[in-house]
file work.cif (mmCIF, C-alpha atoms (C1' of nucleotides))
data_final
#
loop_
_atom_site.label_atom_id
_atom_site.label_comp_id
_atom_site.auth_asym_id
_atom_site.auth_seq_id
_atom_site.Cartn_x
_atom_site.Cartn_y
_atom_site.Cartn_z
CA MET N 1 0.00 0.00 0.00
CA THR N 2 1.14 3.52 -0.67
CA ALA N 3 0.98 6.41 1.75
CA ASP N 4 -2.03 7.78 -0.09
CA GLY N 5 -3.77 4.47 0.26
CA GLU N 6 -3.37 4.53 4.00
CA GLN N 7 -4.62 8.07 4.20
CA THR N 8 -7.72 7.27 2.20
CA LYS N 9 -8.40 4.25 4.33
CA ALA N 10 -8.22 6.31 7.51
CA ARG N 11 -10.30 9.06 5.98
CA LEU N 12 -12.98 6.58 5.01
CA LEU N 13 -13.13 5.30 8.57
CA THR N 14 -13.56 8.71 10.12
CA GLU N 15 -16.16 9.72 7.56
CA ALA N 16 -17.97 6.46 8.14
CA ARG N 17 -17.94 7.12 11.84
CA ASP N 18 -19.32 10.62 11.43
CA LEU N 19 -22.05 9.46 9.11
CA TYR N 20 -23.04 6.70 11.44
CA LEU N 21 -23.05 9.10 14.39
CA GLU N 22 -25.24 11.51 12.49
CA GLU N 23 -27.63 9.19 10.76
CA GLY N 24 -27.55 5.86 12.48
CA PHE N 25 -27.62 2.53 10.76
CA VAL N 26 -30.66 2.78 8.61
CA ARG N 27 -29.41 5.75 6.66
CA PHE N 28 -25.81 4.63 6.59
CA SER N 29 -24.56 3.98 3.08
CA LEU N 30 -21.27 3.27 1.43
CA ARG N 31 -21.94 5.74 -1.31
CA GLU N 32 -22.45 8.59 1.13
CA VAL N 33 -19.26 7.70 2.99
CA ALA N 34 -17.38 7.72 -0.30
CA ARG N 35 -18.94 11.05 -1.27
CA ARG N 36 -17.82 12.64 1.98
CA ALA N 37 -14.36 11.21 1.69
CA GLY N 38 -14.14 12.57 -1.83
CA VAL N 39 -13.64 9.25 -3.54
CA SER N 40 -15.79 7.01 -5.67
CA ALA N 41 -17.92 4.29 -4.16
CA ALA N 42 -15.81 1.70 -5.92
CA ALA N 43 -12.68 2.88 -4.15
CA VAL N 44 -14.06 1.78 -0.81
CA TYR N 45 -13.76 -1.83 -1.83
CA ARG N 46 -9.97 -1.51 -2.13
CA HIS N 47 -9.82 -0.80 1.59
CA TYR N 48 -12.79 -2.55 3.16
CA ASP N 49 -14.64 -5.69 2.36
CA GLY N 50 -17.94 -3.94 1.81
CA LYS N 51 -20.47 -2.10 3.90
CA GLU N 52 -20.70 -4.46 6.83
CA ALA N 53 -16.96 -4.70 7.24
CA LEU N 54 -16.67 -0.93 7.33
CA LEU N 55 -19.44 -0.63 9.88
CA HIS N 56 -17.85 -3.31 11.97
CA GLN N 57 -14.64 -1.33 12.06
CA VAL N 58 -16.53 1.74 13.16
CA CYS N 59 -18.07 -0.17 16.04
CA THR N 60 -14.81 -1.66 17.17
CA GLU N 61 -13.65 1.91 17.58
CA GLY N 62 -16.67 2.52 19.82
CA PHE N 63 -15.57 -0.26 22.13
CA ARG N 64 -12.12 1.22 22.35
CA VAL N 65 -13.53 4.58 23.42
CA PHE N 66 -15.82 2.97 25.99
CA PHE N 67 -12.93 1.14 27.53
CA SER N 68 -10.91 4.34 27.72
CA TYR N 69 -13.71 5.94 29.74
CA LEU N 70 -13.72 3.04 32.18
CA MET N 71 -9.99 3.05 32.61
CA ARG N 72 -10.11 6.55 34.03
CA ALA N 73 -11.91 5.07 37.03
CA LEU N 74 -8.63 3.51 38.10
CA ALA N 75 -7.58 6.95 39.29
CA GLY N 76 -9.71 6.35 42.37
CA LYS N 77 -7.72 5.74 45.54
CA THR N 78 -9.93 3.13 47.21
CA PRO N 79 -11.93 0.17 45.86
CA ARG N 80 -15.16 1.93 46.67
CA GLU N 81 -14.04 5.10 44.98
CA ARG N 82 -12.97 3.14 41.90
CA LEU N 83 -16.34 1.43 41.75
CA MET N 84 -18.22 4.69 42.10
CA LEU N 85 -15.99 6.29 39.47
CA SER N 86 -16.67 3.36 37.17
CA ALA N 87 -20.37 3.99 37.48
CA ARG N 88 -19.88 7.68 36.85
CA GLN N 89 -17.71 7.06 33.82
CA TYR N 90 -20.27 4.60 32.54
CA LEU N 91 -22.92 7.29 32.49
CA ARG N 92 -20.52 9.83 31.06
CA PHE N 93 -19.78 7.57 28.15
CA ALA N 94 -23.47 6.93 27.56
CA LEU N 95 -24.39 10.61 27.58
CA GLU N 96 -21.41 11.76 25.54
CA ASN N 97 -21.54 8.93 23.00
CA PRO N 98 -25.20 7.99 22.80
CA ARG N 99 -25.03 6.33 19.43
CA ASP N 100 -22.11 4.14 20.43
CA TYR N 101 -23.84 3.26 23.65
CA ARG N 102 -26.94 2.19 21.77
CA VAL N 103 -24.97 -0.07 19.52
CA ILE N 104 -22.93 -1.64 22.27
CA PHE N 105 -25.56 -2.09 24.97
CA MET N 106 -28.97 -1.49 23.49
CA GLY N 107 -28.76 -3.71 20.48
CA ALA N 108 -29.49 -0.90 18.07
CA ALA N 109 -27.61 -2.93 15.52
CA GLU N 110 -29.74 -5.98 15.95
CA ASP N 111 -30.18 -6.34 12.24
CA LEU N 112 -26.50 -6.35 11.54
CA ALA N 113 -25.28 -9.90 11.70
CA THR N 114 -21.77 -8.54 11.99
CA LEU N 115 -22.56 -7.03 15.32
CA ALA N 116 -24.60 -9.75 16.94
CA PRO N 117 -23.51 -10.13 20.57
CA ALA N 118 -22.71 -13.78 20.06
CA GLU N 119 -20.26 -12.95 17.31
CA ASN N 120 -18.24 -10.37 19.14
CA ALA N 121 -18.57 -11.50 22.71
CA HIS N 122 -14.80 -11.19 22.95
CA GLU N 123 -15.18 -7.43 22.68
CA TYR N 124 -17.56 -7.26 25.63
CA ALA N 125 -15.66 -9.59 27.89
CA PRO N 126 -12.86 -7.19 28.92
CA THR N 127 -15.27 -4.44 29.91
CA PHE N 128 -17.45 -6.72 32.00
CA GLN N 129 -14.33 -8.17 33.53
CA PHE N 130 -13.31 -4.68 34.53
CA LEU N 131 -16.52 -4.30 36.52
CA VAL N 132 -16.14 -7.75 38.08
CA ASP N 133 -12.67 -6.78 39.22
CA ARG N 134 -13.94 -3.59 40.81
CA VAL N 135 -16.63 -5.55 42.64
CA ARG N 136 -14.19 -8.20 43.75
CA GLU N 137 -11.79 -5.76 45.32
CA CYS N 138 -14.71 -4.14 47.11
CA MET N 139 -15.64 -7.52 48.53
CA GLN N 140 -12.11 -8.19 49.62
CA GLU N 141 -11.93 -4.94 51.51
CA GLY N 142 -15.31 -5.38 53.12
CA VAL N 143 -17.01 -2.62 51.16
CA LEU N 144 -19.45 -5.09 49.65
CA ARG N 145 -20.96 -8.26 51.08
CA LYS N 146 -18.92 -11.27 50.03
CA GLY N 147 -20.45 -13.52 47.38
CA ASP N 148 -20.21 -14.25 43.69
CA PRO N 149 -18.54 -11.19 42.17
CA MET N 150 -20.06 -11.89 38.78
CA ALA N 151 -23.60 -12.03 40.11
CA THR N 152 -23.11 -8.81 42.06
CA ALA N 153 -21.42 -7.15 39.11
CA THR N 154 -24.40 -8.12 36.99
CA LEU N 155 -26.74 -6.41 39.44
CA VAL N 156 -24.65 -3.26 39.40
CA TRP N 157 -24.45 -3.33 35.65
CA ALA N 158 -28.18 -3.82 35.22
CA ASN N 159 -28.74 -0.88 37.51
CA VAL N 160 -26.50 1.61 35.76
CA HIS N 161 -27.51 0.33 32.36
CA GLY N 162 -31.19 0.58 33.19
CA LEU N 163 -30.85 4.21 34.20
CA ALA N 164 -28.52 5.14 31.36
CA SER N 165 -30.55 3.48 28.65
CA LEU N 166 -33.90 4.81 29.81
CA ARG N 167 -32.33 8.23 29.86
CA LEU N 168 -31.02 7.83 26.32
CA SER N 169 -34.38 6.59 25.11
CA GLY N 170 -35.91 9.78 26.39
CA HIS N 171 -38.08 7.97 28.92
CA LEU N 172 -36.53 9.83 31.82
CA ALA N 173 -36.68 13.23 30.22
CA GLY N 174 -38.67 14.33 33.23
CA ALA N 175 -35.56 13.97 35.35
CA GLY N 176 -34.34 17.35 34.13
CA SER N 177 -30.96 18.31 32.71
CA ASP N 178 -28.10 15.90 32.35
CA GLU N 179 -26.59 17.35 35.50
CA GLU N 180 -29.74 16.86 37.52
CA PHE N 181 -30.09 13.39 36.17
CA GLY N 182 -26.45 12.73 37.04
CA ARG N 183 -27.19 13.49 40.68
CA PHE N 184 -30.22 11.23 40.68
CA TYR N 185 -28.06 8.55 39.10
CA GLU N 186 -25.30 8.87 41.69
CA GLY N 187 -27.85 8.70 44.47
CA ALA N 188 -29.28 5.52 42.97
CA VAL N 189 -25.85 3.92 42.79
CA GLU N 190 -25.04 4.94 46.37
CA ARG N 191 -28.28 3.38 47.53
CA LEU N 192 -27.56 0.22 45.61
CA LEU N 193 -24.10 -0.14 47.10
CA ALA N 194 -25.57 0.47 50.53
CA GLY N 195 -27.96 -2.39 49.91
CA LEU N 196 -25.06 -4.62 48.92
CA ALA N 197 -22.89 -3.67 51.89
CA PRO N 198 -22.00 -6.31 54.52
CA MET W 1 -65.97 0.76 3.07
CA THR W 2 -67.11 -2.69 2.13
CA ALA W 3 -66.68 -5.82 4.19
CA ASP W 4 -63.84 -6.91 1.91
CA GLY W 5 -62.11 -3.63 2.47
CA GLU W 6 -62.17 -4.09 6.21
CA GLN W 7 -60.87 -7.59 5.89
CA THR W 8 -57.98 -6.51 3.72
CA LYS W 9 -57.14 -3.72 6.13
CA ALA W 10 -57.01 -6.13 9.05
CA ARG W 11 -55.08 -8.65 7.03
CA LEU W 12 -52.51 -6.03 6.13
CA LEU W 13 -52.06 -5.15 9.79
CA THR W 14 -51.44 -8.72 10.89
CA GLU W 15 -49.09 -9.38 8.00
CA ALA W 16 -47.26 -6.16 8.77
CA ARG W 17 -46.95 -7.25 12.36
CA ASP W 18 -45.57 -10.64 11.42
CA LEU W 19 -43.08 -9.20 9.01
CA TYR W 20 -41.91 -6.68 11.55
CA LEU W 21 -41.61 -9.42 14.18
CA GLU W 22 -39.57 -11.55 11.81
CA GLU W 23 -37.37 -8.98 10.16
CA GLY W 24 -37.33 -5.88 12.27
CA PHE W 25 -37.45 -2.38 10.92
CA VAL W 26 -34.62 -2.31 8.50
CA ARG W 27 -36.00 -5.06 6.31
CA PHE W 28 -39.59 -4.02 6.70
CA SER W 29 -41.19 -3.01 3.42
CA LEU W 30 -44.64 -2.20 2.19
CA ARG W 31 -44.21 -4.37 -0.85
CA GLU W 32 -43.45 -7.44 1.20
CA VAL W 33 -46.45 -6.81 3.42
CA ALA W 34 -48.62 -6.50 0.33
CA ARG W 35 -47.14 -9.68 -1.16
CA ARG W 36 -47.94 -11.62 1.99
CA ALA W 37 -51.43 -10.22 2.16
CA GLY W 38 -51.96 -11.18 -1.45
CA VAL W 39 -52.62 -7.71 -2.73
CA SER W 40 -50.66 -5.21 -4.76
CA ALA W 41 -48.43 -2.65 -3.12
CA ALA W 42 -50.69 0.10 -4.37
CA ALA W 43 -53.66 -1.32 -2.50
CA VAL W 44 -52.01 -0.59 0.81
CA TYR W 45 -52.43 3.11 0.25
CA ARG W 46 -56.21 2.74 0.25
CA HIS W 47 -56.02 1.63 3.88
CA TYR W 48 -52.95 3.23 5.37
CA ASP W 49 -51.20 6.48 4.80
CA GLY W 50 -47.96 4.87 3.73
CA LYS W 51 -45.24 2.86 5.34
CA GLU W 52 -44.75 4.86 8.51
CA ALA W 53 -48.44 4.98 9.28
CA LEU W 54 -48.68 1.22 8.95
CA LEU W 55 -45.69 0.69 11.20
CA HIS W 56 -47.11 3.09 13.72
CA GLN W 57 -50.29 1.06 13.87
CA VAL W 58 -48.27 -2.09 14.45
CA CYS W 59 -46.47 -0.48 17.36
CA THR W 60 -49.62 0.83 18.95
CA GLU W 61 -50.73 -2.76 19.08
CA GLY W 62 -47.52 -3.59 20.97
CA PHE W 63 -48.41 -1.07 23.66
CA ARG W 64 -51.81 -2.59 24.03
CA VAL W 65 -50.32 -6.04 24.60
CA PHE W 66 -47.80 -4.71 27.10
CA PHE W 67 -50.52 -3.08 29.11
CA SER W 68 -52.53 -6.29 29.14
CA TYR W 69 -49.55 -8.09 30.69
CA LEU W 70 -49.28 -5.48 33.42
CA MET W 71 -52.96 -5.56 34.19
CA ARG W 72 -52.71 -9.19 35.20
CA ALA W 73 -50.62 -8.07 38.17
CA LEU W 74 -53.77 -6.65 39.72
CA ALA W 75 -54.72 -10.20 40.59
CA GLY W 76 -52.30 -9.96 43.52
CA LYS W 77 -53.97 -9.71 46.91
CA THR W 78 -51.58 -7.30 48.63
CA PRO W 79 -49.72 -4.20 47.45
CA ARG W 80 -46.42 -6.02 47.75
CA GLU W 81 -47.72 -8.99 45.81
CA ARG W 82 -49.08 -6.71 43.10
CA LEU W 83 -45.73 -4.96 42.82
CA MET W 84 -43.84 -8.23 42.61
CA LEU W 85 -46.31 -9.52 40.04
CA SER W 86 -45.87 -6.36 38.04
CA ALA W 87 -42.14 -6.99 37.92
CA ARG W 88 -42.72 -10.59 36.91
CA GLN W 89 -45.18 -9.63 34.19
CA TYR W 90 -42.74 -7.03 32.97
CA LEU W 91 -40.11 -9.68 32.36
CA ARG W 92 -42.65 -12.05 30.87
CA PHE W 93 -43.66 -9.48 28.33
CA ALA W 94 -40.04 -8.77 27.46
CA LEU W 95 -39.15 -12.42 26.98
CA GLU W 96 -42.31 -13.33 25.12
CA ASN W 97 -42.41 -10.24 22.92
CA PRO W 98 -38.78 -9.26 22.47
CA ARG W 99 -39.27 -7.24 19.34
CA ASP W 100 -42.06 -5.19 20.86
CA TYR W 101 -40.03 -4.68 23.98
CA ARG W 102 -37.13 -3.38 21.94
CA VAL W 103 -39.30 -0.89 20.17
CA ILE W 104 -41.05 0.34 23.26
CA PHE W 105 -38.18 0.50 25.73
CA MET W 106 -34.93 0.10 23.89
CA GLY W 107 -35.40 2.66 21.19
CA ALA W 108 -34.93 0.16 18.40
CA ALA W 109 -37.03 2.48 16.31
CA GLU W 110 -34.81 5.47 16.88
CA ASP W 111 -34.75 6.25 13.20
CA LEU W 112 -38.48 6.30 12.84
CA ALA W 113 -39.72 9.78 13.51
CA THR W 114 -43.18 8.34 13.96
CA LEU W 115 -42.07 6.50 17.02
CA ALA W 116 -39.89 9.06 18.74
CA PRO W 117 -40.64 9.02 22.49
CA ALA W 118 -41.52 12.68 22.46
CA GLU W 119 -44.23 12.11 19.89
CA ASN W 120 -46.02 9.29 21.60
CA ALA W 121 -45.34 10.04 25.23
CA HIS W 122 -49.06 9.67 25.81
CA GLU W 123 -48.70 5.97 25.09
CA TYR W 124 -46.05 5.51 27.78
CA ALA W 125 -47.71 7.54 30.45
CA PRO W 126 -50.40 5.03 31.47
CA THR W 127 -47.90 2.19 31.89
CA PHE W 128 -45.54 4.24 34.02
CA GLN W 129 -48.48 5.50 35.99
CA PHE W 130 -49.42 1.91 36.67
CA LEU W 131 -46.04 1.33 38.31
CA VAL W 132 -46.23 4.57 40.26
CA ASP W 133 -49.60 3.45 41.62
CA ARG W 134 -48.18 0.10 42.72
CA VAL W 135 -45.33 1.87 44.48
CA ARG W 136 -47.63 4.37 46.11
CA GLU W 137 -49.87 1.76 47.62
CA CYS W 138 -46.80 -0.05 48.93
CA MET W 139 -45.72 3.16 50.63
CA GLN W 140 -49.13 3.68 52.11
CA GLU W 141 -49.15 0.22 53.62
CA GLY W 142 -45.62 0.50 54.94
CA VAL W 143 -44.12 -2.01 52.52
CA LEU W 144 -41.83 0.64 51.09
CA ARG W 145 -40.17 3.63 52.71
CA LYS W 146 -42.29 6.74 52.22
CA GLY W 147 -41.02 9.27 49.72
CA ASP W 148 -41.60 10.43 46.17
CA PRO W 149 -43.44 7.54 44.48
CA MET W 150 -42.25 8.63 41.05
CA ALA W 151 -38.60 8.63 42.04
CA THR W 152 -38.91 5.23 43.64
CA ALA W 153 -40.88 3.88 40.70
CA THR W 154 -38.12 5.11 38.42
CA LEU W 155 -35.57 3.15 40.42
CA VAL W 156 -37.66 0.01 40.23
CA TRP W 157 -38.24 0.51 36.54
CA ALA W 158 -34.56 1.07 35.81
CA ASN W 159 -33.80 -2.10 37.69
CA VAL W 160 -36.20 -4.40 35.90
CA HIS W 161 -35.53 -2.74 32.58
CA GLY W 162 -31.78 -3.06 33.03
CA LEU W 163 -32.05 -6.77 33.64
CA ALA W 164 -34.64 -7.40 30.95
CA SER W 165 -32.88 -5.43 28.26
CA LEU W 166 -29.45 -6.86 28.94
CA ARG W 167 -31.02 -10.27 28.75
CA LEU W 168 -32.66 -9.48 25.42
CA SER W 169 -29.43 -8.10 24.02
CA GLY W 170 -27.80 -11.40 24.78
CA HIS W 171 -25.39 -9.87 27.28
CA LEU W 172 -26.65 -12.05 30.09
CA ALA W 173 -26.69 -15.25 28.09
CA GLY W 174 -24.41 -16.69 30.75
CA ALA W 175 -27.30 -16.59 33.18
CA GLY W 176 -28.66 -19.82 31.71
CA SER W 177 -32.16 -20.63 30.52
CA ASP W 178 -35.02 -18.19 30.72
CA GLU W 179 -36.23 -20.02 33.80
CA GLU W 180 -32.90 -19.75 35.56
CA PHE W 181 -32.66 -16.14 34.60
CA GLY W 182 -36.19 -15.61 35.88
CA ARG W 183 -35.11 -16.77 39.32
CA PHE W 184 -32.08 -14.51 39.30
CA TYR W 185 -34.36 -11.66 38.26
CA GLU W 186 -36.86 -12.30 41.04
CA GLY W 187 -34.04 -12.42 43.55
CA ALA W 188 -32.74 -9.11 42.31
CA VAL W 189 -36.17 -7.51 42.64
CA GLU W 190 -36.63 -8.94 46.15
CA ARG W 191 -33.28 -7.49 47.15
CA LEU W 192 -34.18 -4.13 45.68
CA LEU W 193 -37.47 -3.98 47.54
CA ALA W 194 -35.67 -4.96 50.72
CA GLY W 195 -33.33 -2.02 50.19
CA LEU W 196 -36.31 0.28 49.76
CA ALA W 197 -38.19 -1.01 52.79
CA PRO W 198 -38.81 1.27 55.81
"C1'" DG O 1 -61.14 -1.10 -3.88
"C1'" DT O 2 -57.96 -3.19 -6.52
"C1'" DC O 3 -55.17 -3.69 -10.28
"C1'" DT O 4 -51.07 -2.85 -13.75
"C1'" DA O 5 -47.71 0.21 -15.15
"C1'" DT O 6 -44.51 3.38 -14.23
"C1'" DA O 7 -41.99 7.22 -12.45
"C1'" DG O 8 -38.16 8.30 -9.70
"C1'" DG O 9 -35.12 7.10 -6.34
"C1'" DT O 10 -31.54 4.57 -3.22
"C1'" DG O 11 -28.16 1.38 -2.58
"C1'" DG O 12 -24.40 -2.65 -2.99
"C1'" DA O 13 -21.28 -4.48 -5.75
"C1'" DT O 14 -18.36 -5.51 -10.00
"C1'" DA O 15 -15.66 -4.90 -14.66
"C1'" DG O 16 -12.32 -2.87 -17.02
"C1'" DA O 17 -9.68 1.31 -18.34
"C1'" DC O 18 -5.94 4.17 -16.63
"C1'" DG I 1 -5.49 2.67 -6.17
"C1'" DT I 2 -8.76 5.09 -8.27
"C1'" DC I 3 -11.87 6.10 -11.64
"C1'" DT I 4 -16.22 5.74 -14.77
"C1'" DA I 5 -19.75 3.03 -16.31
"C1'" DT I 6 -22.88 -0.27 -15.43
"C1'" DC I 7 -25.84 -4.01 -13.63
"C1'" DC I 8 -29.17 -5.41 -10.60
"C1'" DA I 9 -32.11 -5.44 -6.73
"C1'" DC I 10 -35.20 -3.12 -4.04
"C1'" DC I 11 -37.96 0.48 -2.39
"C1'" DT I 12 -41.98 4.41 -1.97
"C1'" DA I 13 -45.46 6.44 -4.12
"C1'" DT I 14 -48.68 7.83 -7.82
"C1'" DA I 15 -51.73 7.68 -12.25
"C1'" DG I 16 -55.25 5.81 -14.56
"C1'" DA I 17 -57.91 1.74 -16.17
"C1'" DC I 18 -61.42 -1.55 -14.51
#

call {"tool": "encode", "arguments": {"input": "work.cif", "output": "structure tokens"}}
result
Amino acid sequence: MTADGEQTKARLLTEARDLYLEEGFVRFSLREVARRAGVSAAAVYRHYDGKEALLHQVCTEGFRVFFSYLMRALAGKTPRERLMLSARQYLRFALENPRDYRVIFMGAAEDLATLAPAENAHEYAPTFQFLVDRVRECMQEGVLRKGDPMATATLVWANVHGLASLRLSGHLAGAGSDEEFGRFYEGAVERLLAGLAP
Amino acid sequence: MTADGEQTKARLLTEARDLYLEEGFVRFSLREVARRAGVSAAAVYRHYDGKEALLHQVCTEGFRVFFSYLMRALAGKTPRERLMLSARQYLRFALENPRDYRVIFMGAAEDLATLAPAENAHEYAPTFQFLVDRVRECMQEGVLRKGDPMATATLVWANVHGLASLRLSGHLAGAGSDEEFGRFYEGAVERLLAGLAP
DNA sequence: GTCTATAGGTGGATAGAC
DNA sequence: GTCTATCCACCTATAGAC
């Protein structure tokens, strides 16, 4: 590949990402991506194996970003603080990257075989593992009741996901601004952890 | 309208529903609905105002079914039993009508202006109100800590929705069969109510 | 009320020249 | 590696005959 080839390939990916962020899946098309990138539709096939492959690449990028949000929670000084920060970062990611969140956790891409959970479970595993680890260290230090870390992590996940996804769907619009909702969210998490304390 | 006209109209609706249940939104088309109903694509326009109107009708039907599931929870003899039954019926609906659940609560129809939450908020209101009422009566009888019924109902909703939607997305496939998951779900709800008790 | 025919459009993907 | 030209499939929606 030449240098130009690499540049075009990267350009196509960013344009694809923008288009997908703007329009979602239904209105996503190869031709439009090519138009925006300033190349012909045919050129795309030199770099990607068709529409689904390109979309898949875009989504993989979404996972990477999500993980980067979570990682920032490691700045917390105690297990409890890291767990709370994880929850906060989770919501931050959802609110700041709603389309990605939908794809990853709300199955917005249900019609795309490429993105079926079963087919890319390996992309989810590390992020869930991250949460399990946070829960486990909380159990070890007596912040949470001892038990199966995976089961408890699932409860925590369902909780934050439930709130985040209802918010994104617009069903909790009555909760006010994102900031107000953020406080409600933190309160809910605090209460949940209290209920899971020893 | 003649009797035949009414029959065709009803037939179109059921075929539209089936197609949507099988293929989802992306692959939903008027032509295919017409094919299945045994009429021409043009005939559809005599009965419905186009594709979106037909889809909207299909979704309205989904709401109706969801509400009928919830109503069965009124068979419970105590406020607590009715609340627990509501949670159980909620999951039942989700597992037995996954596509409808996605549309109603997971924003699978995000690209369909017709179905934007803001535009049919009046369809959600009664179902949320149902939950608020269950929570309120629990507060009145001392089953739940007194407070804002809407805030508490939101917490309960986020909880059951979080579990149900993650299950539907395939993210909790590790939880075993639907029956096993059902037990995990009930346990989670019990724990939540315990945390919200006086 | 239903049909056929058709207009007018989108999109994915490929062939072959350069 | 990129282009133009092209094929083919599919869609929504309408016009006008019956």

call {"tool": "interface_residues", "arguments": {"input": "work.cif", "of": "chain W", "to": "chain I", "cutoff": "9 Å", "atoms": "all atoms listed in the file", "output": "list in words"}}
result
Ser29, Leu30, Arg31, Ala42, Tyr45, Gly50 and Lys51 of chain W

call {"tool": "write_last_selection", "arguments": {"input": "work.cif", "atoms": "C-alpha atoms", "output": "mmCIF file, keeping the file's coordinate frame"}}
result
data_model
loop_
_atom_site.group_PDB
_atom_site.id
_atom_site.type_symbol
_atom_site.label_atom_id
_atom_site.label_comp_id
_atom_site.auth_asym_id
_atom_site.auth_seq_id
_atom_site.Cartn_x
_atom_site.Cartn_y
_atom_site.Cartn_z
ATOM 1 C CA SER W 29 -41.190 -3.010 3.420
ATOM 2 C CA LEU W 30 -44.640 -2.200 2.190
ATOM 3 C CA ARG W 31 -44.210 -4.370 -0.850
ATOM 4 C CA ALA W 42 -50.690 0.100 -4.370
ATOM 5 C CA TYR W 45 -52.430 3.110 0.250
ATOM 6 C CA GLY W 50 -47.960 4.870 3.730
ATOM 7 C CA LYS W 51 -45.240 2.860 5.340
#

call {"tool": "atom_distance", "arguments": {"input": "work.cif", "atom1": "CA of Ala16 in chain W", "atom2": "CA of Arg92 in chain W"}}
result
23.3 Å

call {"tool": "resolve_selection", "arguments": {"input": "work.cif", "expression": "the PyMOL selection byres ((chain N) within 6 of (chain W))", "output": "ChimeraX atom specification"}}
result
/N:107-108,158-159,161-163,169,195

call {"tool": "write_last_selection", "arguments": {"input": "work.cif", "atoms": "C-alpha atoms", "output": "PDB file, in the coordinates of the input"}}
result
ATOM      1  CA  GLY N 107     -28.760  -3.710  20.480  1.00  0.00           C
ATOM      2  CA  ALA N 108     -29.490  -0.900  18.070  1.00  0.00           C
ATOM      3  CA  ALA N 158     -28.180  -3.820  35.220  1.00  0.00           C
ATOM      4  CA  ASN N 159     -28.740  -0.880  37.510  1.00  0.00           C
ATOM      5  CA  HIS N 161     -27.510   0.330  32.360  1.00  0.00           C
ATOM      6  CA  GLY N 162     -31.190   0.580  33.190  1.00  0.00           C
ATOM      7  CA  LEU N 163     -30.850   4.210  34.200  1.00  0.00           C
ATOM      8  CA  SER N 169     -34.380   6.590  25.110  1.00  0.00           C
ATOM      9  CA  GLY N 195     -27.960  -2.390  49.910  1.00  0.00           C
TER      10      GLY N 195
END

call {"tool": "interface_residues", "arguments": {"input": "work.cif", "of": "chain W", "to": "chain O", "cutoff": "8 Å", "atoms": "all atoms listed in the file", "output": "PDB file with C-alpha atoms, in the coordinates of the input"}}
result
ATOM      1  CA  GLY W   5     -62.110  -3.630   2.470  1.00  0.00           C
ATOM      2  CA  VAL W  39     -52.620  -7.710  -2.730  1.00  0.00           C
ATOM      3  CA  SER W  40     -50.660  -5.210  -4.760  1.00  0.00           C
ATOM      4  CA  ALA W  43     -53.660  -1.320  -2.500  1.00  0.00           C
ATOM      5  CA  ARG W  46     -56.210   2.740   0.250  1.00  0.00           C
TER       6      ARG W  46
END

call {"tool": "resolve_selection", "arguments": {"input": "work.cif", "expression": "the PyMOL selection byres ((chain W and resi 142) around 12)", "output": "list in words"}}
result
Thr78, Pro79, Arg80, Val135, Arg136, Glu137, Cys138, Met139, Gln140, Glu141, Val143, Leu144, Arg145, Lys146, Gly147, Leu193, Leu196, Ala197 and Pro198 of chain W

call {"tool": "decode", "arguments": {"input": "work.cif", "residues": "range 9-16 of chain I", "atoms": "N, CA, C and O atoms (P, O5', C5', C4', C3', O3' and C1' of nucleotides)", "output": "compact mmCIF listing (two decimals), in the first residue's frame"}}
result
# COMPACT_ATOMS: atom_id res chain seq x y z
P DA I 9 -31.55 -8.98 -10.41
O5' DA I 9 -32.00 -8.59 -8.95
C5' DA I 9 -31.05 -8.65 -7.88
C4' DA I 9 -31.47 -7.66 -6.82
C3' DA I 9 -32.98 -7.65 -6.59
O3' DA I 9 -33.25 -8.06 -5.25
C1' DA I 9 -32.11 -5.44 -6.73
P DC I 10 -34.72 -8.41 -4.83
O5' DC I 10 -35.20 -7.10 -4.07
C5' DC I 10 -34.39 -6.50 -3.07
C4' DC I 10 -34.83 -5.08 -2.92
C3' DC I 10 -36.34 -4.91 -2.90
O3' DC I 10 -36.79 -4.93 -1.55
C1' DC I 10 -35.20 -3.12 -4.04
P DC I 11 -38.29 -4.77 -1.19
O5' DC I 11 -38.52 -3.19 -1.15
C5' DC I 11 -37.76 -2.41 -0.22
C4' DC I 11 -37.89 -0.95 -0.57
C3' DC I 11 -39.32 -0.45 -0.64
O3' DC I 11 -39.75 -0.10 0.65
C1' DC I 11 -37.96 0.48 -2.39
P DT I 12 -41.25 0.25 0.87
O5' DT I 12 -41.43 1.72 0.30
C5' DT I 12 -40.71 2.80 0.88
C4' DT I 12 -41.14 4.09 0.19
C3' DT I 12 -42.62 4.41 0.33
O3' DT I 12 -42.77 5.77 0.73
C1' DT I 12 -41.98 4.41 -1.97
P DA I 13 -44.24 6.27 1.13
O5' DA I 13 -44.85 6.76 -0.24
C5' DA I 13 -44.10 7.69 -1.03
C4' DA I 13 -44.74 7.80 -2.41
C3' DA I 13 -46.27 7.89 -2.40
O3' DA I 13 -46.64 9.20 -2.82
C1' DA I 13 -45.46 6.44 -4.12
P DT I 14 -48.19 9.60 -2.89
O5' DT I 14 -48.44 9.48 -4.46
C5' DT I 14 -47.48 10.04 -5.35
C4' DT I 14 -47.86 9.74 -6.79
C3' DT I 14 -49.34 9.97 -7.13
O3' DT I 14 -49.38 10.72 -8.34
C1' DT I 14 -48.68 7.83 -7.82
P DA I 15 -50.79 11.36 -8.81
O5' DA I 15 -51.04 10.62 -10.21
C5' DA I 15 -49.93 10.28 -11.05
C4' DA I 15 -50.44 9.65 -12.33
C3' DA I 15 -51.89 10.00 -12.69
O3' DA I 15 -52.03 10.05 -14.11
C1' DA I 15 -51.73 7.68 -12.25
P DG I 16 -53.41 10.55 -14.75
O5' DG I 16 -54.06 9.18 -15.26
C5' DG I 16 -53.26 8.26 -16.00
C4' DG I 16 -54.03 6.96 -16.17
C3' DG I 16 -55.53 7.16 -16.44
O3' DG I 16 -55.96 6.16 -17.34
C1' DG I 16 -55.25 5.81 -14.56
